[in-house]
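Below is one structure, written out as structure tokens, with a few remarks after it.
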Number of protein chains: 4
Amino acid sequence: MSYLELKRQAFEANMELNARGLVIYTWGNVSQLDRDAGVMAIKPSGVPYEELKPEHMVIVDMDNKIVEGSMRPSSDTKTHTHLYRHFDDIGGVTHTHSTYATAWAQAQTPIPCYGTTHADFVYGEVPCTAAMTDAQVERDYEEETGVQITDRFANLKPLEVPMVIVAGHAPFTWGVNAEKAVYHAVVLEELAKMASLTLEVNQRAPLLSQAVLNKHYNRKHGKNAYYGQK
Amino acid sequence: MSYLELKRQAFEANMELNARGLVIYTWGNVSQLDRDAGVMAIKPSGVPYEELKPEHMVIVDMDNKIVEGSMRPSSDTKTHTHLYRHFDDIGGVTHTHSTYATAWAQAQTPIPCYGTTHADFVYGEVPCTAAMTDAQVERDYEEETGVQITDRFANLKPLEVPMVIVAGHAPFTWGVNAEKAVYHAVVLEELAKMASLTLEVNQRAPLLSQAVLNKHYNRKHGKNAYYGQK
Amino acid sequence: MSYLELKRQAFEANMELNARGLVIYTWGNVSQLDRDAGVMAIKPSGVPYEELKPEHMVIVDMDNKIVEGSMRPSSDTKTHTHLYRHFDDIGGVTHTHSTYATAWAQAQTPIPCYGTTHADFVYGEVPCTAAMTDAQVERDYEEETGVQITDRFANLKPLEVPMVIVAGHAPFTWGVNAEKAVYHAVVLEELAKMASLTLEVNQRAPLLSQAVLNKHYNRKHGKNAYYGQK
Amino acid sequence: MSYLELKRQAFEANMELNARGLVIYTWGNVSQLDRDAGVMAIKPSGVPYEELKPEHMVIVDMDNKIVEGSMRPSSDTKTHTHLYRHFDDIGGVTHTHSTYATAWAQAQTPIPCYGTTHADFVYGEVPCTAAMTDAQVERDYEEETGVQITDRFANLKPLEVPMVIVAGHAPFTWGVNAEKAVYHAVVLEELAKMASLTLEVNQRAPLLSQAVLNKHYNRKHGKNAYYGQK
């Protein structure tokens, strides 16, 4: 993929994040990976969406070195590259502070699977990381945010659980590309809102049964999926 | 009714569902029945609303066979036909994952009738089905979703209670046609939100009296209705 | 005032109710009174806002007789005339099922004065009527809705407390004219939302002190008001 | 700065407050200070945003005397000048009744720092003032509103904590200029909403650790900040 195309994809995904109402001001970023070339295009730091252009995207390699671009990349760059280095199958990453997902992150509580809306996209709960330790903060903060996530995913498959909430912080989502990562950011915000409203009605809401979870997840994913067009 | 007209009605009802903010992406579907012809027009599976056209609607008979159309019908097709086969008076069905109604479904709690807004449209609580058993999941999932609903309606009249929430899943609504079914989907989302907010203010909110429920329901429905124009 | 002008004012107030997001479909109505002529202009029953025109407004006298107009007036007409007959100083009335105010009505709980936003417009709590008795329902339902309100206002001044929530039903608001009545409907919805959110943060939120309530109410109202332009 | 420029800045900041959905009708005001000249431009009292023009802004000195302008300044003028006289580094002030921030003010509860979204902008909790005493109300109400705030800030730095909620009232925010003050008003509303939703999920949500609070605040502020472009 040319850098031009990589930047275009990252740009469009960033704008979609904004159009979907998941960010205000500069509070979010998306990257698109070219795994063969070992580089990603990512939003520049602190640039408002209204002013963002495709050529502002910064090309960064997996060691966080700027390969092309005159602006500073997102301050969360090291978290993105950490995820790309550890999750083999992903090609896009988002970070937002979307309201409901961030509330769950601040509550430091995983989002339980209460229904089929959730099961259609996430195989099991939306996990919450451990809180960052003081020692981690003193090391390399953005890198350690990535470590929080990959530690939590020791026994999880990133494409089966394409999202996480970072304790005391906010969500990250991913997918096979930036467009899918943004899709998952929208899904997560809706799941977080539904789960919050579910608890308001019934503090002891039961989890979805494993059988229905399997059924719904597999009807959209896996080799016998039958949702959508062929 | 010609297939063309049937498809037009189904298309417009699907678009209205989207315009009213009840769905994101592809998370909903509406069908319009022609009972005499024994067929319905239904949204194709997994097609985003932005791209949807009348000619995409799929004509399906009551045995779930495609009569006309080149796309796969909604993955919920069997639930729609199940409802049409069991509820004699209905001509339109919707399925959404609208936020508040889905929260009540996830809470596995029927929506009590707390006020006249509710009584204007639903005679009694909005019922919640039993959870689907593992044995049901192993049979025919979408057909069994219909069974969940019709089991719950053994002693209810579908046009007096034109909506249901499926435990751990989401709502279905219906009416004499697709347009009315969509109207009921909008009403349900608002009733679900109001009921949720009612509980926030007063966990022991009293039910509406049977006398006021009768009065409000009958002023809009039944033979002495006097709401609206003649 | 000519009927034409009366209808124009009622029409514009009804449209403003819709524009402010307080109603969906046909769920609300506003009337404008001409006290000297003993008539009001009110929305016709069951007509969607998208189709509403000034000439649809119905002129009704204080005995609920249609003076001019070819459509049925709002089914809540008798509640409007009841209020005009009992509250001498008012010239406009609204009825909505706005979400948060209706939730408080369903909770059958008056809205306490928790802050100066409330005190700027309402002198004391937003009162909640008693629930309607079965005997009242059997008499004249819409007239008795007015009785619920005027019974509750035995010791209240309608222009100091220009709104009420009817238990198990929804709000009514009023003012010196229809425009002000709509203003108060918007204010009520916001006060209801703020009060609900206040309770979420602190179930034992203290009431605003009487001294601040007096100060804020009087800085906008009463003879020494100094808010706004002269 | 010319009065013309001062008024333009105040006008644009007031309009932005409205565009961001923080105010309805006339429920808010922003001022822009010229510290060298000892004057501020502030919104006139009770003028709806739809009708507001730059030339309506009123130039007021730090003794609350009108220097230029034919309209009455905001009824909250004395609170603004009080803040400018006591907080040396600020150049803009806003007052809103934004929904969530006002709910916290009515709950008379400071907003705890539950996450990094908060830590990015506020060093510690968003403080809540003491309730106004009856004696204060009898003195000079709007001046005393300023006293409530400055009393609470005896040991706080205004630019590190650029916002406050006034008990039983609503928020004030500030910044180096009116534009930044409005930015902080938007931030506060979002933080208030997130904190409220956090409590809904987990009544015992833990505070963000001091180490992460320091890290996030300093990566955006302070001498080693590295967020945004150089």
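Lettering and numbering for the structure tokens are positional, with chains as A, B, ... in the shown order, residues counted from 1 in each chain, and ligands counted from 1 in the shown order.
Once the Cα atoms of chain C are best fitted to those of chain D, pair by pair, the RMSD stands at 0.0 Å.
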Worksheet entry | Secondary structure check, strand (DSSP E) residues of segment 47-171 of chain C, as a PyMOL selection string | chain C and resi 58-61+66-68+92-96+163-165+171
Worksheet entry | Interface residues on chain C facing chain B, 10 Å, only C-alpha atoms, written as a PyMOL selection string | chain C and resi 24-27+44-47+71-76+97-109+111+131-138+141+166-170+193+195-197+199-200+203
Expected file contents, prior selection, C-alpha atoms, as a short mmCIF file (atom, residue, chain, number, x, y, z; two decimals), in the first residue's frame:
```
data_model
loop_
_atom_site.label_atom_id
_atom_site.label_comp_id
_atom_site.auth_asym_id
_atom_site.auth_seq_id
_atom_site.Cartn_x
_atom_site.Cartn_y
_atom_site.Cartn_z
CA ILE C 24 -43.08 13.08 18.96
CA TYR C 25 -45.87 12.39 16.50
CA THR C 26 -49.05 14.03 17.86
CA TRP C 27 -48.24 13.80 21.57
CA PRO C 44 -56.86 19.72 16.33
CA SER C 45 -56.78 16.16 17.66
CA GLY C 46 -54.29 13.66 16.25
CA VAL C 47 -52.81 15.80 13.46
CA MET C 71 -61.72 19.61 12.67
CA ARG C 72 -62.14 18.02 16.09
CA PRO C 73 -60.22 19.94 18.74
CA SER C 74 -57.60 18.21 20.91
CA SER C 75 -59.02 15.41 23.05
CA ASP C 76 -57.61 17.37 26.02
CA HIS C 97 -45.53 13.97 27.30
CA SER C 98 -41.94 15.24 27.41
CA THR C 99 -39.69 12.44 28.61
CA TYR C 100 -38.24 13.56 31.94
CA ALA C 101 -41.27 15.49 33.17
CA THR C 102 -43.46 12.48 32.35
CA ALA C 103 -41.08 10.22 34.27
CA TRP C 104 -41.61 12.38 37.40
CA ALA C 105 -45.37 12.28 36.77
CA GLN C 106 -45.21 8.48 36.55
CA ALA C 107 -43.11 8.39 39.71
CA GLN C 108 -45.97 10.42 41.26
CA THR C 109 -43.38 12.62 42.93
CA ILE C 111 -39.94 17.91 41.64
CA ALA C 131 -53.79 10.21 41.40
CA MET C 132 -57.15 10.19 39.65
CA THR C 133 -59.75 8.13 41.52
CA ASP C 134 -61.83 5.50 39.78
CA ALA C 135 -64.92 7.63 40.43
CA GLN C 136 -63.29 10.54 38.59
CA VAL C 137 -62.48 8.34 35.60
CA GLU C 138 -66.13 7.35 35.36
CA TYR C 141 -62.09 12.15 32.22
CA VAL C 166 -50.37 15.07 36.74
CA ALA C 167 -49.85 11.80 38.63
CA GLY C 168 -49.57 8.80 36.32
CA HIS C 169 -50.00 11.05 33.33
CA ALA C 170 -47.76 13.95 32.22
CA LYS C 193 -33.84 16.20 33.90
CA ALA C 195 -33.46 16.97 39.32
CA SER C 196 -33.30 13.37 38.17
CA LEU C 197 -29.54 13.63 37.59
CA LEU C 199 -30.67 12.37 42.70
CA GLU C 200 -28.38 10.02 40.81
CA GLN C 203 -29.97 10.65 46.92
#
```
Discussion item. DSSP on the backbone: which residues in segment 15-163 of chain A end up as helix (DSSP H, G or I)? Give the answer as a PyMOL selection string.
Written reply: chain A and resi 15-19+49-51+54-56+77-86+99-107+116-119+134-138+141-152
Selected residues written out, N, CA and C atoms, as a compact mmCIF listing (two decimals), in the first residue's frame:
```
# COMPACT_ATOMS: atom_id res chain seq x y z
N MET A 15 -12.02 10.70 10.56
CA MET A 15 -13.18 11.57 10.34
C MET A 15 -14.47 10.85 10.69
N GLU A 16 -14.53 9.54 10.41
CA GLU A 16 -15.72 8.76 10.74
C GLU A 16 -15.93 8.70 12.26
N LEU A 17 -14.84 8.59 12.99
CA LEU A 17 -14.89 8.60 14.46
C LEU A 17 -15.58 9.87 14.94
N ASN A 18 -15.24 10.95 14.31
CA ASN A 18 -15.82 12.25 14.65
C ASN A 18 -17.27 12.33 14.22
N ALA A 19 -17.55 11.88 12.99
CA ALA A 19 -18.92 11.95 12.45
C ALA A 19 -19.88 11.11 13.29
N TYR A 49 -10.56 18.02 14.56
CA TYR A 49 -11.11 17.30 13.40
C TYR A 49 -11.53 18.23 12.28
N GLU A 50 -12.01 19.42 12.64
CA GLU A 50 -12.45 20.35 11.60
C GLU A 50 -11.31 20.77 10.68
N GLU A 51 -10.09 20.70 11.19
CA GLU A 51 -8.94 21.18 10.42
C GLU A 51 -8.13 20.04 9.81
N PRO A 54 -5.89 14.75 4.98
CA PRO A 54 -5.17 13.48 4.78
C PRO A 54 -3.65 13.65 4.90
N GLU A 55 -3.14 14.77 4.36
CA GLU A 55 -1.68 14.94 4.35
C GLU A 55 -1.11 15.21 5.75
N HIS A 56 -1.98 15.46 6.75
CA HIS A 56 -1.50 15.64 8.13
C HIS A 56 -1.11 14.31 8.79
N THR A 77 0.87 7.26 20.30
CA THR A 77 1.52 6.46 19.25
C THR A 77 2.11 5.15 19.77
N LYS A 78 2.79 5.22 20.89
CA LYS A 78 3.45 4.00 21.40
C LYS A 78 2.45 2.92 21.80
N THR A 79 1.25 3.32 22.21
CA THR A 79 0.23 2.32 22.52
C THR A 79 -0.20 1.61 21.24
N HIS A 80 -0.37 2.38 20.17
CA HIS A 80 -0.76 1.78 18.88
C HIS A 80 0.29 0.78 18.41
N THR A 81 1.54 1.19 18.37
CA THR A 81 2.57 0.28 17.85
C THR A 81 2.73 -0.95 18.74
N HIS A 82 2.59 -0.74 20.05
CA HIS A 82 2.63 -1.90 20.97
C HIS A 82 1.57 -2.92 20.58
N LEU A 83 0.35 -2.44 20.31
CA LEU A 83 -0.72 -3.37 19.96
C LEU A 83 -0.42 -4.06 18.63
N TYR A 84 0.07 -3.31 17.66
CA TYR A 84 0.40 -3.94 16.36
C TYR A 84 1.50 -4.99 16.50
N ARG A 85 2.46 -4.72 17.37
CA ARG A 85 3.56 -5.69 17.54
C ARG A 85 3.10 -6.97 18.23
N HIS A 86 2.09 -6.85 19.09
CA HIS A 86 1.65 -8.02 19.87
C HIS A 86 0.43 -8.74 19.31
N THR A 99 -18.22 8.58 25.79
CA THR A 99 -18.76 8.82 27.14
C THR A 99 -19.05 7.56 27.94
N TYR A 100 -19.87 6.68 27.41
CA TYR A 100 -20.28 5.51 28.21
C TYR A 100 -19.15 4.51 28.39
N ALA A 101 -18.37 4.27 27.34
CA ALA A 101 -17.26 3.33 27.47
C ALA A 101 -16.25 3.86 28.49
N THR A 102 -16.03 5.17 28.48
CA THR A 102 -15.10 5.76 29.44
C THR A 102 -15.65 5.64 30.86
N ALA A 103 -16.96 5.77 31.01
CA ALA A 103 -17.55 5.61 32.34
C ALA A 103 -17.27 4.21 32.90
N TRP A 104 -17.42 3.18 32.05
CA TRP A 104 -17.08 1.82 32.50
C TRP A 104 -15.59 1.70 32.82
N ALA A 105 -14.75 2.34 32.02
CA ALA A 105 -13.30 2.32 32.29
C ALA A 105 -13.01 2.98 33.64
N GLN A 106 -13.70 4.09 33.90
CA GLN A 106 -13.50 4.78 35.19
C GLN A 106 -14.06 3.95 36.35
N ALA A 107 -15.12 3.21 36.08
CA ALA A 107 -15.69 2.33 37.11
C ALA A 107 -14.78 1.11 37.32
N THR A 116 -27.70 -10.26 23.05
CA THR A 116 -27.22 -10.68 21.74
C THR A 116 -26.56 -9.54 20.96
N THR A 117 -26.90 -8.29 21.26
CA THR A 117 -26.22 -7.18 20.60
C THR A 117 -24.73 -7.27 20.86
N HIS A 118 -24.41 -7.54 22.10
CA HIS A 118 -23.02 -7.71 22.54
C HIS A 118 -22.42 -8.98 21.89
N ALA A 119 -23.16 -10.07 21.95
CA ALA A 119 -22.65 -11.36 21.44
C ALA A 119 -22.41 -11.33 19.94
N ASP A 134 2.13 2.59 39.91
CA ASP A 134 2.99 3.78 39.94
C ASP A 134 4.31 3.51 39.22
N ALA A 135 4.82 2.28 39.37
CA ALA A 135 6.07 1.93 38.70
C ALA A 135 5.92 2.04 37.18
N GLN A 136 4.77 1.59 36.68
CA GLN A 136 4.54 1.68 35.23
C GLN A 136 4.51 3.13 34.76
N VAL A 137 3.85 3.98 35.54
CA VAL A 137 3.78 5.40 35.17
C VAL A 137 5.18 5.98 35.04
N GLU A 138 6.06 5.57 35.94
CA GLU A 138 7.43 6.12 35.92
C GLU A 138 8.24 5.61 34.74
N TYR A 141 4.97 5.83 29.85
CA TYR A 141 3.53 5.80 30.09
C TYR A 141 2.73 5.20 28.94
N GLU A 142 2.95 5.71 27.71
CA GLU A 142 2.13 5.26 26.58
C GLU A 142 2.46 3.81 26.19
N GLU A 143 3.72 3.45 26.31
CA GLU A 143 4.09 2.05 26.08
C GLU A 143 3.41 1.15 27.11
N GLU A 144 3.42 1.59 28.35
CA GLU A 144 2.84 0.79 29.44
C GLU A 144 1.32 0.68 29.31
N THR A 145 0.69 1.67 28.68
CA THR A 145 -0.75 1.54 28.40
C THR A 145 -0.97 0.33 27.49
N GLY A 146 -0.06 0.17 26.55
CA GLY A 146 -0.11 -1.02 25.69
C GLY A 146 0.10 -2.30 26.49
N VAL A 147 1.04 -2.23 27.43
CA VAL A 147 1.32 -3.41 28.27
C VAL A 147 0.09 -3.76 29.12
N GLN A 148 -0.59 -2.74 29.65
CA GLN A 148 -1.83 -3.03 30.39
C GLN A 148 -2.77 -3.88 29.54
N ILE A 149 -2.87 -3.52 28.27
CA ILE A 149 -3.81 -4.22 27.39
C ILE A 149 -3.32 -5.62 27.05
N THR A 150 -2.06 -5.73 26.64
CA THR A 150 -1.59 -7.05 26.21
C THR A 150 -1.48 -8.02 27.40
N ASP A 151 -1.19 -7.50 28.61
CA ASP A 151 -1.25 -8.36 29.80
C ASP A 151 -2.66 -8.94 29.98
N ARG A 152 -3.65 -8.09 29.77
CA ARG A 152 -5.04 -8.55 29.98
C ARG A 152 -5.45 -9.56 28.91
```
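Here atom CA of Val58 of chain B stands at a distance of 13.7 Å from atom CA of Gly38 of chain B.
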Fill in: Minimum-distance residue to Phe153 of chain D, chosen among D:Val126, D:Val176, D:Met1, D:Met40 (using only C-alpha atoms)
D:Val126
Need to verify the contact set: Ala37 of chain C, 10 Å, only C-alpha atoms, exclusion of same-chain residues closer than 3 positions in sequence. Can you return it as a PDB file with N, CA, C and O atoms, in the first residue's frame?
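Final file, selection13.pdb:
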```
ATOM      1  N   MET C   1     -58.756  40.425  19.791  1.00  0.00           N
ATOM      2  CA  MET C   1     -57.890  39.700  18.860  1.00  0.00           C
ATOM      3  C   MET C   1     -58.755  38.955  17.824  1.00  0.00           C
ATOM      4  O   MET C   1     -59.727  38.310  18.202  1.00  0.00           O
ATOM      5  N   SER C   2     -58.407  39.033  16.551  1.00  0.00           N
ATOM      6  CA  SER C   2     -59.178  38.302  15.528  1.00  0.00           C
ATOM      7  C   SER C   2     -58.921  36.798  15.667  1.00  0.00           C
ATOM      8  O   SER C   2     -57.893  36.396  16.210  1.00  0.00           O
ATOM      9  N   TYR C   3     -59.862  35.991  15.187  1.00  0.00           N
ATOM     10  CA  TYR C   3     -59.641  34.549  15.215  1.00  0.00           C
ATOM     11  C   TYR C   3     -58.392  34.179  14.415  1.00  0.00           C
ATOM     12  O   TYR C   3     -57.672  33.248  14.757  1.00  0.00           O
ATOM     13  N   LEU C  33     -55.531  31.669  24.521  1.00  0.00           N
ATOM     14  CA  LEU C  33     -56.833  32.202  24.943  1.00  0.00           C
ATOM     15  C   LEU C  33     -57.006  33.660  24.498  1.00  0.00           C
ATOM     16  O   LEU C  33     -56.047  34.423  24.475  1.00  0.00           O
ATOM     17  N   ASP C  34     -58.257  34.023  24.161  1.00  0.00           N
ATOM     18  CA  ASP C  34     -58.669  35.431  24.107  1.00  0.00           C
ATOM     19  C   ASP C  34     -59.717  35.578  25.211  1.00  0.00           C
ATOM     20  O   ASP C  34     -60.883  35.224  25.028  1.00  0.00           O
ATOM     21  N   MET C  40     -60.751  30.181  22.878  1.00  0.00           N
ATOM     22  CA  MET C  40     -59.338  29.822  22.691  1.00  0.00           C
ATOM     23  C   MET C  40     -59.173  29.172  21.316  1.00  0.00           C
ATOM     24  O   MET C  40     -60.134  28.641  20.755  1.00  0.00           O
ATOM     25  N   ASP C  61     -65.112  27.681  22.725  1.00  0.00           N
ATOM     26  CA  ASP C  61     -65.434  28.599  23.831  1.00  0.00           C
ATOM     27  C   ASP C  61     -65.235  27.916  25.181  1.00  0.00           C
ATOM     28  O   ASP C  61     -64.831  26.746  25.236  1.00  0.00           O
ATOM     29  N   MET C  62     -65.502  28.629  26.253  1.00  0.00           N
ATOM     30  CA  MET C  62     -65.181  28.104  27.588  1.00  0.00           C
ATOM     31  C   MET C  62     -66.162  27.019  28.045  1.00  0.00           C
ATOM     32  O   MET C  62     -65.970  26.389  29.092  1.00  0.00           O
TER      33      MET C  62
END
```
Fill in: Separation of atom CA of Gly21 of chain B from atom CA of Lys53 of chain B in Å
18.6 Å
